[in-house]
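Colleague: Shown below is the structure under consideration.
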Amino acid sequence: MRVCAFGELLVDVTPYGTSDKGYPVCEFNPGGAPANVAVALVNLGLEASFIGQVGDDHYGHFLRDVLREKGVDTSGLLMSPSAPTSLAIVSLAPNGERSFSFYRKHGADIAVTFNPIFRQAIDQADAFHCGSVSLSDEPARTATLDMLKYAHASGKTVSFDVNLRPLLWDDLTLAKSLIEQALPFVDILKVSEEELLFLQPGLSEDEALKAITQRYPITLIVITYGEKGSAVYTQGHLIHQPAFIVKAIDTTGAGDAFFGAFLNGVYTSSVEPESLSEDQLRTLLRHANACGALTTLKKGAIGALPTSEERDAFLASNHEHNH
Ligand code: ADP
């Protein structure tokens, strides 16, 4: 099983204490949600490739090297001679919750079209993954929609993380409309509690999930609730699984660790996604929650994503919150 992930690969500039002069010190963490998911999948034993673009600059080379070192196939990662690698500036609240600002105007990740190199990478994979960040600006917007259509038409299983970053959008109505243009091609969707409300304002959770699955042919919707855990909605049923009790340091990448682990579980299962039993789905959520929780224990995203050994050790010695 091989997954091709497309989208932004950038540097998460993350606070790392203060200098002796009292100024903030930052760490350059490799990041970008779809790249995180590719690493999460490889860490858990699947094959993954990443397609997208970084600048042919110091950061771009750094990011490519990190993905390679992690075992992600980067033969479809382009290096732009003219557009710089994008940066995401992370701010951390005392409880580990993060917020973002971006240095991404004219960034290399945006300056991509659907080209033969990307097409070949999709052809070589069994599944395709992307999210909404690459929908924010042209030409990446059209490329994202084209690749979703292509992957779907080629019979690949398509996963999509809504991953709404309001700061990247001048117009959130447009964000919603573009996400809705992506959904007809999606099999496995990930939303946070807030993103579900954003997509279906004014509806209860159940009504919102029902409305989405009535309108689009999505097989599984996973919902993340941070320290309240996660759920999966399929065939009219919502299955909740509480989070593990941990002392979170930095939640960057927790959602990607979670979704990577969930997808890994679906793709390594011997049954089709629509045939997974409630027990099997509960186990997938539990494993995904463990990977999300483990990722909050370290700063940054890619460097914090657990391996299957780390996940299993964590599962053996940690417990969930009570309902
Ligand atoms: P996102 O909002 O990016 O989807 P979340 O912050 O909800 O991601 O995290 C994804 C998953 O990681 C959660 O569903 C949960 O299982 C786990 N997780 C995140 N934060 C915590 C936390 N503080 N304590 C325990 N588990 C957490």
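Every chain in the structure tokens takes a letter, A first, then B, and so on in the order presented; its residues are numbered from 1, and the ligands are numbered from 1 following the presented order.
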Chain A near ligand 1 within 7 Å: what's each residue's closest atom pair and its distance in Å to one decimal, counting only C-alpha atoms and all ligand atoms, ordered by chain then ascending residue number, as a tab-separated table?

Modeller:
residue	atom	partner	partner_atom_place_in_ligand_line	distance
A:Asn163	CA	ligand 1	3 (O)	6.9
A:Val191	CA	ligand 1	4 (O)	6.5
A:Ser192	CA	ligand 1	4 (O)	5.0
A:Thr224	CA	ligand 1	14 (O)	4.1
A:Tyr225	CA	ligand 1	7 (O)	4.4
A:Gly226	CA	ligand 1	7 (O)	3.2
A:Glu227	CA	ligand 1	22 (C)	3.8
A:Lys228	CA	ligand 1	15 (C)	6.7
A:Gly229	CA	ligand 1	14 (O)	4.1
A:Ser230	CA	ligand 1	14 (O)	4.3
A:Ala243	CA	ligand 1	16 (O)	4.6
A:Phe244	CA	ligand 1	25 (C)	4.9
A:Ile245	CA	ligand 1	25 (C)	5.5
A:Val246	CA	ligand 1	24 (N)	5.2
A:Lys247	CA	ligand 1	23 (N)	6.7
A:Ala248	CA	ligand 1	23 (N)	4.9
A:Thr251	CA	ligand 1	20 (N)	5.7
A:Gly253	CA	ligand 1	3 (O)	6.6
A:Ala254	CA	ligand 1	9 (O)	4.5
A:Gly255	CA	ligand 1	8 (O)	3.3
A:Asp256	CA	ligand 1	3 (O)	6.4
A:Phe258	CA	ligand 1	11 (C)	5.3
A:Ala288	CA	ligand 1	16 (O)	6.6
A:Asn289	CA	ligand 1	16 (O)	3.4
A:Ala290	CA	ligand 1	16 (O)	6.4
A:Cys291	CA	ligand 1	12 (O)	6.9
A:Gly292	CA	ligand 1	12 (O)	3.3
A:Ala293	CA	ligand 1	26 (N)	3.9
A:Thr296	CA	ligand 1	20 (N)	6.2

Colleague: Got time to write the residues from that selection, N, CA and C atoms, as an mmCIF file, in the first residue's frame?

Modeller:
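The file below, out18.cif, is the result:
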data_model
loop_
_atom_site.group_PDB
_atom_site.id
_atom_site.type_symbol
_atom_site.label_atom_id
_atom_site.label_comp_id
_atom_site.auth_asym_id
_atom_site.auth_seq_id
_atom_site.Cartn_x
_atom_site.Cartn_y
_atom_site.Cartn_z
ATOM 1 N N ASN A 163 -8.557 21.014 7.698
ATOM 2 C CA ASN A 163 -7.401 21.804 8.156
ATOM 3 C C ASN A 163 -7.521 23.284 7.820
ATOM 4 N N VAL A 191 -12.204 16.274 9.920
ATOM 5 C CA VAL A 191 -12.597 17.620 10.355
ATOM 6 C C VAL A 191 -12.354 17.736 11.859
ATOM 7 N N SER A 192 -12.120 18.959 12.326
ATOM 8 C CA SER A 192 -12.172 19.201 13.764
ATOM 9 C C SER A 192 -13.617 19.602 14.081
ATOM 10 N N THR A 224 -11.958 15.323 15.157
ATOM 11 C CA THR A 224 -11.021 15.433 16.278
ATOM 12 C C THR A 224 -11.516 16.507 17.247
ATOM 13 N N TYR A 225 -11.323 16.243 18.549
ATOM 14 C CA TYR A 225 -11.762 17.173 19.600
ATOM 15 C C TYR A 225 -10.606 17.495 20.544
ATOM 16 N N GLY A 226 -9.369 17.503 20.084
ATOM 17 C CA GLY A 226 -8.238 17.803 20.966
ATOM 18 C C GLY A 226 -8.210 16.865 22.153
ATOM 19 N N GLU A 227 -8.120 17.423 23.358
ATOM 20 C CA GLU A 227 -7.992 16.556 24.545
ATOM 21 C C GLU A 227 -9.294 15.834 24.888
ATOM 22 N N LYS A 228 -10.347 16.107 24.106
ATOM 23 C CA LYS A 228 -11.591 15.344 24.315
ATOM 24 C C LYS A 228 -11.659 14.104 23.403
ATOM 25 N N GLY A 229 -10.615 13.883 22.601
ATOM 26 C CA GLY A 229 -10.572 12.642 21.829
ATOM 27 C C GLY A 229 -11.034 12.793 20.397
ATOM 28 N N SER A 230 -11.706 11.781 19.882
ATOM 29 C CA SER A 230 -12.053 11.771 18.465
ATOM 30 C C SER A 230 -13.287 10.905 18.240
ATOM 31 N N ALA A 243 -9.758 10.726 24.558
ATOM 32 C CA ALA A 243 -8.306 10.911 24.381
ATOM 33 C C ALA A 243 -7.550 10.292 25.547
ATOM 34 N N PHE A 244 -6.258 10.118 25.359
ATOM 35 C CA PHE A 244 -5.381 9.659 26.438
ATOM 36 C C PHE A 244 -5.024 10.838 27.340
ATOM 37 N N ILE A 245 -4.735 10.509 28.586
ATOM 38 C CA ILE A 245 -4.364 11.556 29.547
ATOM 39 C C ILE A 245 -2.866 11.818 29.423
ATOM 40 N N VAL A 246 -2.516 12.997 28.913
ATOM 41 C CA VAL A 246 -1.094 13.361 28.798
ATOM 42 C C VAL A 246 -0.930 14.829 29.182
ATOM 43 N N LYS A 247 0.289 15.224 29.435
ATOM 44 C CA LYS A 247 0.598 16.636 29.687
ATOM 45 C C LYS A 247 1.137 17.216 28.384
ATOM 46 N N ALA A 248 0.253 17.843 27.602
ATOM 47 C CA ALA A 248 0.644 18.322 26.274
ATOM 48 C C ALA A 248 1.637 19.473 26.385
ATOM 49 N N THR A 251 0.884 21.008 20.636
ATOM 50 C CA THR A 251 -0.060 20.177 19.870
ATOM 51 C C THR A 251 0.187 20.231 18.357
ATOM 52 N N GLY A 253 0.981 19.260 14.879
ATOM 53 C CA GLY A 253 1.156 17.941 14.264
ATOM 54 C C GLY A 253 0.293 16.843 14.876
ATOM 55 N N ALA A 254 -0.403 17.138 15.985
ATOM 56 C CA ALA A 254 -1.210 16.078 16.619
ATOM 57 C C ALA A 254 -2.303 15.583 15.672
ATOM 58 N N GLY A 255 -2.941 16.525 14.974
ATOM 59 C CA GLY A 255 -3.999 16.151 14.048
ATOM 60 C C GLY A 255 -3.453 15.308 12.889
ATOM 61 N N ASP A 256 -2.237 15.640 12.428
ATOM 62 C CA ASP A 256 -1.633 14.889 11.314
ATOM 63 C C ASP A 256 -1.196 13.503 11.776
ATOM 64 N N PHE A 258 -2.603 11.906 14.174
ATOM 65 C CA PHE A 258 -3.872 11.209 14.347
ATOM 66 C C PHE A 258 -4.381 10.691 12.999
ATOM 67 N N ALA A 288 -5.050 5.897 16.747
ATOM 68 C CA ALA A 288 -4.846 7.253 16.223
ATOM 69 C C ALA A 288 -4.776 8.263 17.378
ATOM 70 N N ASN A 289 -5.620 8.102 18.389
ATOM 71 C CA ASN A 289 -5.563 8.984 19.563
ATOM 72 C C ASN A 289 -4.209 8.865 20.253
ATOM 73 N N ALA A 290 -3.686 7.647 20.324
ATOM 74 C CA ALA A 290 -2.383 7.433 20.968
ATOM 75 C C ALA A 290 -1.307 8.195 20.192
ATOM 76 N N CYS A 291 -1.344 8.106 18.861
ATOM 77 C CA CYS A 291 -0.337 8.808 18.050
ATOM 78 C C CYS A 291 -0.492 10.320 18.185
ATOM 79 N N GLY A 292 -1.753 10.809 18.246
ATOM 80 C CA GLY A 292 -1.991 12.244 18.465
ATOM 81 C C GLY A 292 -1.436 12.666 19.819
ATOM 82 N N ALA A 293 -1.741 11.914 20.853
ATOM 83 C CA ALA A 293 -1.294 12.262 22.208
ATOM 84 C C ALA A 293 0.233 12.253 22.291
ATOM 85 N N THR A 296 1.896 15.364 21.042
ATOM 86 C CA THR A 296 1.807 16.582 21.866
ATOM 87 C C THR A 296 2.913 16.618 22.928
#

Colleague: Which residues come within 10 Å of Gly45 of chain A, counting only C-alpha atoms, excluding same-chain residues fewer than 5 positions away, as a list in words?

Modeller: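 Using only C-alpha atoms, the neighbours found are Met1, Val39, Ala40, Asn264, Thr268, Thr307 and Ser308 of chain A.
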
Colleague: Within 9 Å of segment 56-60 of chain A, counting only C-alpha atoms, which residues show up once you throw out same-chain ones fewer than 3 positions away? Write them as a ChimeraX atom specification, please.

Modeller: /A:9-11,28,30,53,63-65,78-86,108

Colleague: Would you mind exporting C-alpha atoms of the selected residues as a short mmCIF file (atom, residue, chain, number, x, y, z; two decimals), in the first residue's frame?

Modeller:
data_model
loop_
_atom_site.label_atom_id
_atom_site.label_comp_id
_atom_site.auth_asym_id
_atom_site.auth_seq_id
_atom_site.Cartn_x
_atom_site.Cartn_y
_atom_site.Cartn_z
CA LEU A 9 5.92 21.57 2.86
CA LEU A 10 7.27 24.44 4.91
CA VAL A 11 9.22 25.48 7.97
CA PHE A 28 13.04 25.71 12.52
CA PRO A 30 9.94 20.90 9.27
CA GLN A 53 7.28 22.37 -4.22
CA LEU A 63 12.95 20.09 4.17
CA ARG A 64 13.70 17.70 1.32
CA ASP A 65 16.52 16.11 3.32
CA LEU A 78 10.00 20.17 -7.05
CA MET A 79 12.57 22.85 -6.10
CA SER A 80 11.68 26.29 -7.48
CA PRO A 81 14.56 28.44 -8.75
CA SER A 82 12.50 31.60 -8.21
CA ALA A 83 9.89 31.14 -5.44
CA PRO A 84 11.11 30.88 -1.81
CA THR A 85 10.23 28.15 0.69
CA SER A 86 7.22 29.21 2.78
CA ALA A 108 7.07 27.92 -3.68
#

Colleague: Would you mind listing what lies within 10 Å of His152 of chain A as an MDAnalysis selection string, with only C-alpha atoms counted and same-chain residues fewer than 3 positions away left out?

Modeller: chainID A and resid 127:128 146:149 155:158 184:187

Colleague: Which of these, A:Arg104, A:His129, A:Arg98, A:His237, has the shortest distance to Phe50 of chain A once you count only C-alpha atoms?

Modeller: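 Answer, going by the shortest atom-to-atom distance: A:His129.
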
Colleague: Step one, run DSSP on the backbone; step two, keep only residues of segment 2-112 of chain A assigned to strand (DSSP E); then write them as number ranges by chain.

Modeller: A: 2-6, 10-18, 24-31, 47-55, 77-80, 87-92, 98-103

Colleague: Give me, as a PDB file with C-alpha atoms, in the first residue's frame, all polymer residues having an atom no more than 10 Å from Asp171 of chain A, counting only C-alpha atoms and skipping those fewer than 5 positions away in the same chain.

Modeller:
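The result, stored in part_13.pdb:
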ATOM      1  CA  SER A 136      -5.969  29.069  -0.693  1.00  0.00           C
ATOM      2  CA  PRO A 166      -8.446  31.243   8.573  1.00  0.00           C
ATOM      3  CA  LYS A 176     -15.951  26.906   2.266  1.00  0.00           C
TER       4      LYS A 176
END

Colleague: Out of A:Ala140, A:Leu168, A:Ile249, A:Val66, which residue has the shortest atom-to-atom distance to Phe102 of chain A when counting only C-alpha atoms?

Modeller: A:Leu168

Colleague: Assign secondary structure with DSSP using the backbone only, and return the residues of segment 100-177 of chain A in helix (DSSP H, G or I) as a PyMOL selection string.

Modeller: chain A and resi 116-123+133-135+140-153+166-168+172-177

Colleague: Take the selection from the previous step and output its residues with C-alpha atoms, as an mmCIF file, in the first residue's frame.

Modeller:
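Printed below is again-v9.cif as written:
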data_model
loop_
_atom_site.group_PDB
_atom_site.id
_atom_site.type_symbol
_atom_site.label_atom_id
_atom_site.label_comp_id
_atom_site.auth_asym_id
_atom_site.auth_seq_id
_atom_site.Cartn_x
_atom_site.Cartn_y
_atom_site.Cartn_z
ATOM 1 C CA PRO A 116 3.502 15.040 -15.419
ATOM 2 C CA ILE A 117 5.764 14.427 -12.401
ATOM 3 C CA PHE A 118 2.827 14.743 -9.997
ATOM 4 C CA ARG A 119 0.639 12.623 -12.282
ATOM 5 C CA GLN A 120 3.202 9.836 -12.278
ATOM 6 C CA ALA A 121 3.448 9.925 -8.464
ATOM 7 C CA ILE A 122 -0.350 9.595 -8.196
ATOM 8 C CA ASP A 123 -0.333 6.771 -10.760
ATOM 9 C CA VAL A 133 -4.159 24.857 2.600
ATOM 10 C CA SER A 134 -3.190 24.265 -1.034
ATOM 11 C CA LEU A 135 -6.651 25.559 -2.050
ATOM 12 C CA ALA A 140 -1.986 25.567 -6.359
ATOM 13 C CA ARG A 141 -5.784 25.851 -5.966
ATOM 14 C CA THR A 142 -6.536 24.577 -9.463
ATOM 15 C CA ALA A 143 -3.729 21.990 -9.176
ATOM 16 C CA THR A 144 -5.282 20.618 -5.963
ATOM 17 C CA LEU A 145 -8.744 20.294 -7.480
ATOM 18 C CA ASP A 146 -7.306 18.751 -10.669
ATOM 19 C CA MET A 147 -5.342 16.172 -8.679
ATOM 20 C CA LEU A 148 -8.329 15.298 -6.493
ATOM 21 C CA LYS A 149 -10.398 14.687 -9.622
ATOM 22 C CA TYR A 150 -7.612 12.719 -11.269
ATOM 23 C CA ALA A 151 -6.927 10.525 -8.220
ATOM 24 C CA HIS A 152 -10.633 9.840 -7.757
ATOM 25 C CA ALA A 153 -11.166 9.042 -11.444
ATOM 26 C CA PRO A 166 -8.446 31.243 8.573
ATOM 27 C CA LEU A 167 -5.359 33.510 8.340
ATOM 28 C CA LEU A 168 -4.646 32.171 4.857
ATOM 29 C CA LEU A 172 -13.853 32.382 4.382
ATOM 30 C CA THR A 173 -16.918 31.971 2.167
ATOM 31 C CA LEU A 174 -14.528 31.177 -0.655
ATOM 32 C CA ALA A 175 -12.674 28.693 1.573
ATOM 33 C CA LYS A 176 -15.951 26.906 2.266
ATOM 34 C CA SER A 177 -16.922 26.870 -1.383
#

Colleague: Smallest atom-to-atom distance to Asn115 of chain A: which of A:Val25, A:Ile51, A:Val222, A:Ala313, using only C-alpha atoms?

Modeller: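 Ranked by minimum distance to Asn115 of chain A, first place goes to A:Ile51.
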
Colleague: Find the distance between atom CA of Val72 of chain A and atom CA of Val42 of chain A and write it in Å to one decimal.

Modeller: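 Atom CA of Val42 of chain A lies at a distance of 6.7 Å from atom CA of Val72 of chain A.
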
Colleague: Please, what distance in Å, to one decimal, runs between atom CA of Glu274 of chain A and atom CA of Leu305 of chain A?

Modeller: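 Between atom CA of Glu274 of chain A and atom CA of Leu305 of chain A the gap is 27.3 Å.
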
Colleague: For segment 216-219 of chain A, please output as a PyMOL selection string all residues within 12 Å (counting only C-alpha atoms; exclusion window: fewer than 4 positions along the same chain).

Modeller: chain A and resi 152+157-160+179-190+209-212+232-237+266+272-276

Colleague: In Å, rounded to a single decimal, give me how far atom CA of Ser75 of chain A is from atom CA of Val37 of chain A.

Modeller: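 According to the coordinates, atom CA of Val37 of chain A and atom CA of Ser75 of chain A are separated by 17.1 Å.
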
Colleague: What lies within 7 Å of Asp12 of chain A using only C-alpha atoms, ignoring chain neighbours under 2 positions off, as a list in words?

Modeller: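 That gives Leu10, Thr14, Phe28, Asn29, Pro30, Gly31, Leu87, Ala88, Ile89 and Val90 of chain A.
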
Colleague: Of the candidates A:Glu195, A:Glu278, A:Asp73, A:Glu138, which shows the shortest atom-to-atom distance to Ser49 of chain A, using only C-alpha atoms?

Modeller: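 Residue with the minimum atom-to-atom distance to Ser49 of chain A: A:Asp73.
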